[in-house]
Amino acid sequence: MCTSYAHFSLSLIICTPRAPSEVENAPSQFTINITAQAAATDPIIPIPTYMPTSWYPTYSPINGWGDSSPTPPGDLFLMSGQSNIIGHSTSRQSIGKNNDYWLEIKSILEAAKNNDESKEEMEEELYTVIERTNNLPRCLLGCKTKNVVLSNLQSTATQTNDDELKKCKQDCRNVASTLTSELLNIYNLGLLSNIDEPLTHGKCSFVEPIKDKGIGVEYISQGTVPISWNVGCGKAFGSEFMFGRTLEMGTNNNSTSTSMTTTYTSNFELVKNGRGGSELYKHWYPNHGLYWNELQKTISQRKGQDNNWKAFIWHQGENDAFIDDSSIYYLGNLTTFVNAVRMEMYDSSESSTWQCKEEIPTIIIQLGHWPTGEDGDSIRDAQATFCNEDIGRSILVTTNDLSHNYHYDAASFLVIGYRIALAYEEVMKRNVTCP
């Protein structure tokens with residue numbers, strides 16, 4: 001039952017994949033020269049990707065890692081993976097390469113609230129901004145146009161007799177339509193009101209394992225902070241922003257099938273531990289991956305503090321798409337990895353929280369539209385198969401209808417966060433028979 005969600009059981013396959021060329025924020029084979037064309041329309045503002053500025057105010061740690069707190073979060077959600085779990089909505093690696101795109105969207109939402117702007121006007125304005133940012137040449141990165149001479153992209157894009165390129169452009173417009181429609185739905189549910197106000201109960205924290213060392217982490221956020229779009233739990237935010245808002249705020253229209261019926265009225269924390277350009281086996285695999293020990297520590301260090309791990313959200317796979325026979329390797333590696341993470345979470349929660357590790361929800365954010373072709377499809381298939389066959393509460397969140405860039409845009413991160421919340425509520429309804 002894997003449409004947006006699914007339920008499963010999987011045989012264990014432990015494989016050692018061959019290593020591909022490494023990717024930090026974009027694969028080497030997709031490093032293309034579009035800077036000259038983009039510069040004319042995309043001013044590059046050298047804002048920091050996570051350090052506090054006037055846009056990124058500093059908050060005092062609410063529950064800094066290793067620090068005591070009189071009111072520690074009770075429920076913890078682990079979010080891990082590569083660059084798209086980190087979030088690049090306003091960083092130099094984002095689709096717009098600066099924060100202007102997000103601020104435009106934000107201003108439209110605020111103007112609609114303050115001026116009682118009609119839904120039709122807001123829809124038109126949102127579509128214009130989103131379509132402009134998701135159009136060619138950026139969207140071309142996610143199209144099956146590998147033979148197009150990208151160095152001459154601007155003139156190539158005018159060749160309307162190129163059917164493949166025309167289809168690509170239409171696909172990008174479809175992305176804008178989808179994002180506009182989904183943002184309007186989220187807005188109507190009340191989740192985009194007072195968007196600058198940090199949450200009361202929802203907190204977040206974010207660390208990155210030190211690249212290629214496997215020893216220690218880089219502390220990105222200022223300890224544990226109230227969830228807001230500009231506190232440094234993403235760059236500037238990822239899917240955690242809307243996921244947290246939906247968990248705490250719920251929705252004001254429970255008559256629809258796409259609204260939350262439960263909300264948090266006590267403290268919870270979204271704990272992020274991710275690294276861009278990482279591979280499942282090389283970096284995360286239990287007792288082998290370079291970052292496994294730090295991920296394990298992220299989970300275990302909360303033990304004995306009246307904390308309970310409530311779910312695991314995994315968003316990764318782009319780098320593994322460039323490994324030969326990746327569907328075979330990825331499926332077995334993902335199974336072993338999730339089992340190990342669940343066991344760590346089970347052991348680090350209060351004894352009455354779960355009857356068995358299989359009860360712990362695992363939300364797999366499926367590889368999106370990019371990368372295209374068989375390489376990407378093999379990972380998408382493996383992720384879907386895992387969710388269909390896992391005997392526990394595993395569920396798939398699809399993203400192939402969102403931004404086609406290798407990093408999602410700000411609007412897509414809002415939509416993904418909301419989809420994660422819906423998936424979490426859906427999967428918690430499932431009964432699990434413990435082994």
# chains A, B, ... in the order shown; residues from 1 in each chain; ligands from 1
$ select_by_dssp --residues "range 103-321 of chain A" --states "strand (DSSP E)" --output "ChimeraX atom specification"
/A:202-209,217-219,225-226,268-274,308-315
$ write_last_selection --atoms "N, CA, C and O atoms" --output "mmCIF file, in the first residue's frame"
data_model
loop_
_atom_site.group_PDB
_atom_site.id
_atom_site.type_symbol
_atom_site.label_atom_id
_atom_site.label_comp_id
_atom_site.auth_asym_id
_atom_site.auth_seq_id
_atom_site.Cartn_x
_atom_site.Cartn_y
_atom_site.Cartn_z
ATOM 1 N N GLY A 202 7.758 22.834 20.219
ATOM 2 C CA GLY A 202 8.649 22.183 19.268
ATOM 3 C C GLY A 202 10.041 22.780 19.271
ATOM 4 O O GLY A 202 10.211 23.986 19.080
ATOM 5 N N LYS A 203 11.039 21.941 19.495
ATOM 6 C CA LYS A 203 12.438 22.354 19.478
ATOM 7 C C LYS A 203 13.176 21.591 18.383
ATOM 8 O O LYS A 203 12.695 20.585 17.860
ATOM 9 N N CYS A 204 14.356 22.062 18.028
ATOM 10 C CA CYS A 204 15.186 21.344 17.058
ATOM 11 C C CYS A 204 16.653 21.541 17.402
ATOM 12 O O CYS A 204 17.025 22.482 18.097
ATOM 13 N N SER A 205 17.470 20.620 16.921
ATOM 14 C CA SER A 205 18.918 20.736 17.035
ATOM 15 C C SER A 205 19.526 20.108 15.790
ATOM 16 O O SER A 205 18.884 19.300 15.118
ATOM 17 N N PHE A 206 20.749 20.491 15.467
ATOM 18 C CA PHE A 206 21.358 20.022 14.222
ATOM 19 C C PHE A 206 22.870 19.935 14.379
ATOM 20 O O PHE A 206 23.522 20.894 14.754
ATOM 21 N N VAL A 207 23.410 18.757 14.101
ATOM 22 C CA VAL A 207 24.859 18.583 14.052
ATOM 23 C C VAL A 207 25.219 17.863 12.760
ATOM 24 O O VAL A 207 24.413 17.123 12.199
ATOM 25 N N GLU A 208 26.424 18.104 12.276
ATOM 26 C CA GLU A 208 26.952 17.404 11.112
ATOM 27 C C GLU A 208 28.180 16.606 11.515
ATOM 28 O O GLU A 208 29.094 17.164 12.148
ATOM 29 N N PRO A 209 28.250 15.337 11.169
ATOM 30 C CA PRO A 209 29.496 14.594 11.393
ATOM 31 C C PRO A 209 30.635 15.273 10.640
ATOM 32 O O PRO A 209 30.438 15.811 9.546
ATOM 33 N N VAL A 217 31.455 15.825 15.789
ATOM 34 C CA VAL A 217 30.450 16.496 14.976
ATOM 35 C C VAL A 217 30.696 17.991 15.000
ATOM 36 O O VAL A 217 31.390 18.513 15.883
ATOM 37 N N GLU A 218 30.134 18.671 14.022
ATOM 38 C CA GLU A 218 30.142 20.118 13.993
ATOM 39 C C GLU A 218 28.778 20.596 14.482
ATOM 40 O O GLU A 218 27.745 20.202 13.939
ATOM 41 N N TYR A 219 28.775 21.410 15.518
ATOM 42 C CA TYR A 219 27.516 21.893 16.078
ATOM 43 C C TYR A 219 27.029 23.075 15.249
ATOM 44 O O TYR A 219 27.658 24.123 15.211
ATOM 45 N N VAL A 225 16.958 24.547 20.184
ATOM 46 C CA VAL A 225 16.322 25.864 20.046
ATOM 47 C C VAL A 225 14.872 25.702 19.618
ATOM 48 O O VAL A 225 14.492 24.678 19.040
ATOM 49 N N PRO A 226 14.025 26.694 19.890
ATOM 50 C CA PRO A 226 12.638 26.649 19.399
ATOM 51 C C PRO A 226 12.628 26.602 17.873
ATOM 52 O O PRO A 226 13.392 27.312 17.220
ATOM 53 N N PHE A 268 8.673 18.560 22.463
ATOM 54 C CA PHE A 268 9.246 17.548 21.586
ATOM 55 C C PHE A 268 10.416 18.179 20.849
ATOM 56 O O PHE A 268 10.522 19.406 20.759
ATOM 57 N N GLU A 269 11.300 17.335 20.340
ATOM 58 C CA GLU A 269 12.490 17.845 19.660
ATOM 59 C C GLU A 269 12.768 17.057 18.396
ATOM 60 O O GLU A 269 12.700 15.822 18.383
ATOM 61 N N LEU A 270 13.088 17.763 17.331
ATOM 62 C CA LEU A 270 13.535 17.170 16.077
ATOM 63 C C LEU A 270 15.060 17.222 16.090
ATOM 64 O O LEU A 270 15.657 18.298 16.029
ATOM 65 N N VAL A 271 15.674 16.055 16.204
ATOM 66 C CA VAL A 271 17.124 15.945 16.351
ATOM 67 C C VAL A 271 17.717 15.588 14.993
ATOM 68 O O VAL A 271 17.507 14.490 14.488
ATOM 69 N N LYS A 272 18.471 16.503 14.419
ATOM 70 C CA LYS A 272 19.013 16.302 13.080
ATOM 71 C C LYS A 272 20.493 15.954 13.140
ATOM 72 O O LYS A 272 21.281 16.610 13.836
ATOM 73 N N ASN A 273 20.856 14.901 12.411
ATOM 74 C CA ASN A 273 22.252 14.495 12.280
ATOM 75 C C ASN A 273 22.434 14.046 10.836
ATOM 76 O O ASN A 273 21.993 12.962 10.458
ATOM 77 N N GLY A 274 23.019 14.889 10.012
ATOM 78 C CA GLY A 274 23.153 14.569 8.596
ATOM 79 C C GLY A 274 24.398 15.183 7.993
ATOM 80 O O GLY A 274 24.968 16.119 8.544
ATOM 81 N N ASN A 308 11.991 9.971 25.061
ATOM 82 C CA ASN A 308 11.538 8.802 24.312
ATOM 83 C C ASN A 308 11.651 9.078 22.822
ATOM 84 O O ASN A 308 11.160 10.104 22.340
ATOM 85 N N TRP A 309 12.314 8.178 22.117
ATOM 86 C CA TRP A 309 12.432 8.313 20.668
ATOM 87 C C TRP A 309 11.126 7.854 20.018
ATOM 88 O O TRP A 309 10.676 6.744 20.246
ATOM 89 N N LYS A 310 10.550 8.722 19.194
ATOM 90 C CA LYS A 310 9.219 8.466 18.656
ATOM 91 C C LYS A 310 9.201 8.114 17.176
ATOM 92 O O LYS A 310 8.239 7.529 16.696
ATOM 93 N N ALA A 311 10.250 8.459 16.424
ATOM 94 C CA ALA A 311 10.258 8.137 14.997
ATOM 95 C C ALA A 311 11.625 8.419 14.414
ATOM 96 O O ALA A 311 12.414 9.208 14.957
ATOM 97 N N PHE A 312 11.892 7.771 13.282
ATOM 98 C CA PHE A 312 13.132 7.958 12.532
ATOM 99 C C PHE A 312 12.764 8.396 11.121
ATOM 100 O O PHE A 312 12.006 7.710 10.421
ATOM 101 N N ILE A 313 13.287 9.554 10.698
ATOM 102 C CA ILE A 313 13.044 10.077 9.354
ATOM 103 C C ILE A 313 14.361 10.023 8.586
ATOM 104 O O ILE A 313 15.370 10.594 9.015
ATOM 105 N N TRP A 314 14.352 9.328 7.446
ATOM 106 C CA TRP A 314 15.574 9.110 6.659
ATOM 107 C C TRP A 314 15.386 9.690 5.263
ATOM 108 O O TRP A 314 14.467 9.319 4.533
ATOM 109 N N HIS A 315 16.261 10.627 4.869
ATOM 110 C CA HIS A 315 16.201 11.253 3.544
ATOM 111 C C HIS A 315 17.595 11.195 2.938
ATOM 112 O O HIS A 315 18.472 11.997 3.257
#
$ residues_around --residues "range 335-344 of chain A" --least-positions-apart "5" --cutoff "7 Å" --atoms "only C-alpha atoms" --output "JSON, numbers by chain"
{"A": [12, 285, 286, 296, 299, 300, 357, 360]}
$ write_last_selection --atoms "N, CA, C and O atoms" --output "short mmCIF file (atom, residue, chain, number, x, y, z; two decimals), in the first residue's frame"
data_model
loop_
_atom_site.label_atom_id
_atom_site.label_comp_id
_atom_site.auth_asym_id
_atom_site.auth_seq_id
_atom_site.Cartn_x
_atom_site.Cartn_y
_atom_site.Cartn_z
N LEU A 12 17.01 -10.05 5.05
CA LEU A 12 18.25 -9.32 5.29
C LEU A 12 19.28 -9.64 4.21
O LEU A 12 19.61 -10.79 3.97
N TYR A 285 26.41 2.87 7.57
CA TYR A 285 26.16 1.46 7.87
C TYR A 285 26.67 1.10 9.27
O TYR A 285 27.76 1.50 9.66
N PRO A 286 25.90 0.34 10.06
CA PRO A 286 26.28 0.02 11.44
C PRO A 286 27.65 -0.63 11.56
O PRO A 286 27.98 -1.56 10.81
N GLN A 296 24.99 6.95 16.38
CA GLN A 296 24.66 6.11 17.53
C GLN A 296 24.73 6.93 18.82
O GLN A 296 23.86 6.83 19.69
N ILE A 299 21.78 9.21 19.45
CA ILE A 299 20.62 8.53 20.02
C ILE A 299 20.85 8.18 21.48
O ILE A 299 20.03 8.49 22.35
N SER A 300 21.97 7.56 21.79
CA SER A 300 22.19 6.99 23.12
C SER A 300 22.43 8.04 24.19
O SER A 300 22.15 7.81 25.37
N LYS A 357 11.26 -3.04 18.96
CA LYS A 357 11.82 -2.00 18.09
C LYS A 357 11.01 -1.83 16.81
O LYS A 357 11.00 -0.74 16.21
N ILE A 360 8.63 1.18 16.27
CA ILE A 360 9.12 2.55 16.09
C ILE A 360 8.92 2.97 14.63
O ILE A 360 9.45 2.35 13.71
#
$ select_by_dssp --residues "range 224-352 of chain A" --states "helix (DSSP H, G or I)" --output "PyMOL selection string"
chain A and resi 240-249+280-284+292-300+319-322+326-347
$ residues_around --residues "range 245-248 of chain A" --least-positions-apart "3" --cutoff "6 Å" --atoms "only C-alpha atoms" --output "short mmCIF file (atom, residue, chain, number, x, y, z; two decimals) with C-alpha atoms, in the first residue's frame"
data_model
loop_
_atom_site.label_atom_id
_atom_site.label_comp_id
_atom_site.auth_asym_id
_atom_site.auth_seq_id
_atom_site.Cartn_x
_atom_site.Cartn_y
_atom_site.Cartn_z
CA MET A 242 6.94 22.49 8.58
CA THR A 263 -1.19 17.89 18.11
CA TYR A 264 1.64 18.21 20.61
#
$ atom_distance --atom1 "CA of Gly289 in chain A" --atom2 "CA of Gly317 in chain A"
14.8 Å
$ atom_distance --atom1 "CA of Tyr101 in chain A" --atom2 "CA of Ala236 in chain A"
12.2 Å
$ residues_around --residues "range 365-374 of chain A" --least-positions-apart "6" --cutoff "7 Å" --atoms "only C-alpha atoms" --output "number ranges by chain"
A: 142-144, 314-315, 317-318, 380, 383, 396-401, 404-406
$ closest_residue --among "A:Asp320, A:Glu294, A:Asp162, A:Glu124" --to "Lys213 in chain A" --atoms "only C-alpha atoms"
A:Glu294
$ residues_around --residues "Leu109 in chain A" --least-positions-apart "5" --cutoff "9 Å" --atoms "only C-alpha atoms" --output "list in words"
Glu104, Asn114, Met122, Leu126, Tyr187, Leu192 and Ser193 of chain A
$ write_last_selection --atoms "all heavy atoms" --output "short mmCIF file (atom, residue, chain, number, x, y, z; two decimals), in the first residue's frame"
data_model
loop_
_atom_site.label_atom_id
_atom_site.label_comp_id
_atom_site.auth_asym_id
_atom_site.auth_seq_id
_atom_site.Cartn_x
_atom_site.Cartn_y
_atom_site.Cartn_z
N GLU A 104 10.51 36.21 -0.82
CA GLU A 104 9.39 36.59 -1.69
C GLU A 104 8.14 35.78 -1.36
O GLU A 104 7.04 36.33 -1.27
CB GLU A 104 9.78 36.38 -3.15
CG GLU A 104 10.66 37.45 -3.75
CD GLU A 104 10.86 37.25 -5.25
OE1 GLU A 104 10.03 37.78 -6.02
OE2 GLU A 104 11.80 36.55 -5.64
N ASN A 114 -2.42 40.06 5.98
CA ASN A 114 -2.58 41.42 6.48
C ASN A 114 -3.56 42.25 5.66
O ASN A 114 -4.22 43.14 6.18
CB ASN A 114 -1.23 42.13 6.53
CG ASN A 114 -0.27 41.46 7.49
OD1 ASN A 114 -0.68 40.87 8.48
ND2 ASN A 114 1.03 41.55 7.21
N MET A 122 -3.35 35.68 -4.48
CA MET A 122 -2.22 35.03 -3.84
C MET A 122 -1.73 33.85 -4.67
O MET A 122 -0.52 33.65 -4.82
CB MET A 122 -2.60 34.56 -2.43
CG MET A 122 -1.43 33.94 -1.68
SD MET A 122 -1.78 33.59 0.06
CE MET A 122 -3.00 32.29 -0.12
N LEU A 126 2.06 33.57 -6.06
CA LEU A 126 2.91 32.44 -5.67
C LEU A 126 3.39 31.67 -6.89
O LEU A 126 4.56 31.31 -6.99
CB LEU A 126 2.14 31.50 -4.74
CG LEU A 126 1.95 31.94 -3.30
CD1 LEU A 126 1.04 30.98 -2.56
CD2 LEU A 126 3.29 32.04 -2.58
N TYR A 187 -1.52 26.79 3.70
CA TYR A 187 -1.92 28.12 4.17
C TYR A 187 -3.34 28.09 4.72
O TYR A 187 -3.63 28.61 5.80
CB TYR A 187 -1.80 29.12 3.02
CG TYR A 187 -2.25 30.52 3.37
CD1 TYR A 187 -1.37 31.42 3.97
CD2 TYR A 187 -3.55 30.93 3.11
CE1 TYR A 187 -1.78 32.71 4.29
CE2 TYR A 187 -3.97 32.22 3.42
CZ TYR A 187 -3.08 33.10 4.02
OH TYR A 187 -3.48 34.36 4.33
N LEU A 192 0.75 28.39 8.05
CA LEU A 192 1.68 29.42 7.60
C LEU A 192 1.37 30.78 8.20
O LEU A 192 1.83 31.80 7.72
CB LEU A 192 1.68 29.50 6.06
CG LEU A 192 2.28 28.29 5.36
CD1 LEU A 192 2.06 28.35 3.85
CD2 LEU A 192 3.76 28.16 5.67
N SER A 193 0.58 30.78 9.26
CA SER A 193 0.29 32.03 9.96
C SER A 193 1.36 32.30 11.01
O SER A 193 1.96 31.35 11.55
CB SER A 193 -1.09 31.95 10.63
OG SER A 193 -1.12 30.90 11.58
#
$ residues_around --residues "Arg173 in chain A" --least-positions-apart "5" --cutoff "9 Å" --atoms "only C-alpha atoms" --output "JSON, numbers by chain"
{"A": [131, 134, 135, 168, 178]}
$ write_last_selection --atoms "N, CA, C and O atoms" --output "mmCIF file, in the first residue's frame"
data_model
loop_
_atom_site.group_PDB
_atom_site.id
_atom_site.type_symbol
_atom_site.label_atom_id
_atom_site.label_comp_id
_atom_site.auth_asym_id
_atom_site.auth_seq_id
_atom_site.Cartn_x
_atom_site.Cartn_y
_atom_site.Cartn_z
ATOM 1 N N GLU A 131 7.361 29.480 -10.282
ATOM 2 C CA GLU A 131 7.670 29.057 -11.655
ATOM 3 C C GLU A 131 8.954 29.700 -12.144
ATOM 4 O O GLU A 131 9.764 29.062 -12.812
ATOM 5 N N ASN A 134 11.836 27.794 -10.580
ATOM 6 C CA ASN A 134 11.937 26.390 -10.990
ATOM 7 C C ASN A 134 11.983 26.209 -12.511
ATOM 8 O O ASN A 134 11.841 25.086 -12.992
ATOM 9 N N ASN A 135 12.173 27.288 -13.248
ATOM 10 C CA ASN A 135 12.187 27.152 -14.702
ATOM 11 C C ASN A 135 13.577 26.785 -15.201
ATOM 12 O O ASN A 135 14.504 26.542 -14.441
ATOM 13 N N CYS A 168 10.552 18.857 -20.906
ATOM 14 C CA CYS A 168 11.215 19.251 -19.676
ATOM 15 C C CYS A 168 10.634 20.557 -19.149
ATOM 16 O O CYS A 168 10.346 20.692 -17.953
ATOM 17 N N THR A 178 2.000 22.324 -8.879
ATOM 18 C CA THR A 178 1.867 21.456 -7.701
ATOM 19 C C THR A 178 2.253 22.193 -6.430
ATOM 20 O O THR A 178 1.527 22.155 -5.425
#
$ closest_residue --among "A:Thr224, A:Ser403, A:Ser83, A:Asn230" --to "Leu103 in chain A" --atoms "only C-alpha atoms"
A:Asn230
$ atom_distance --atom1 "CA of Trp354 in chain A" --atom2 "CA of Asn267 in chain A"
19.1 Å
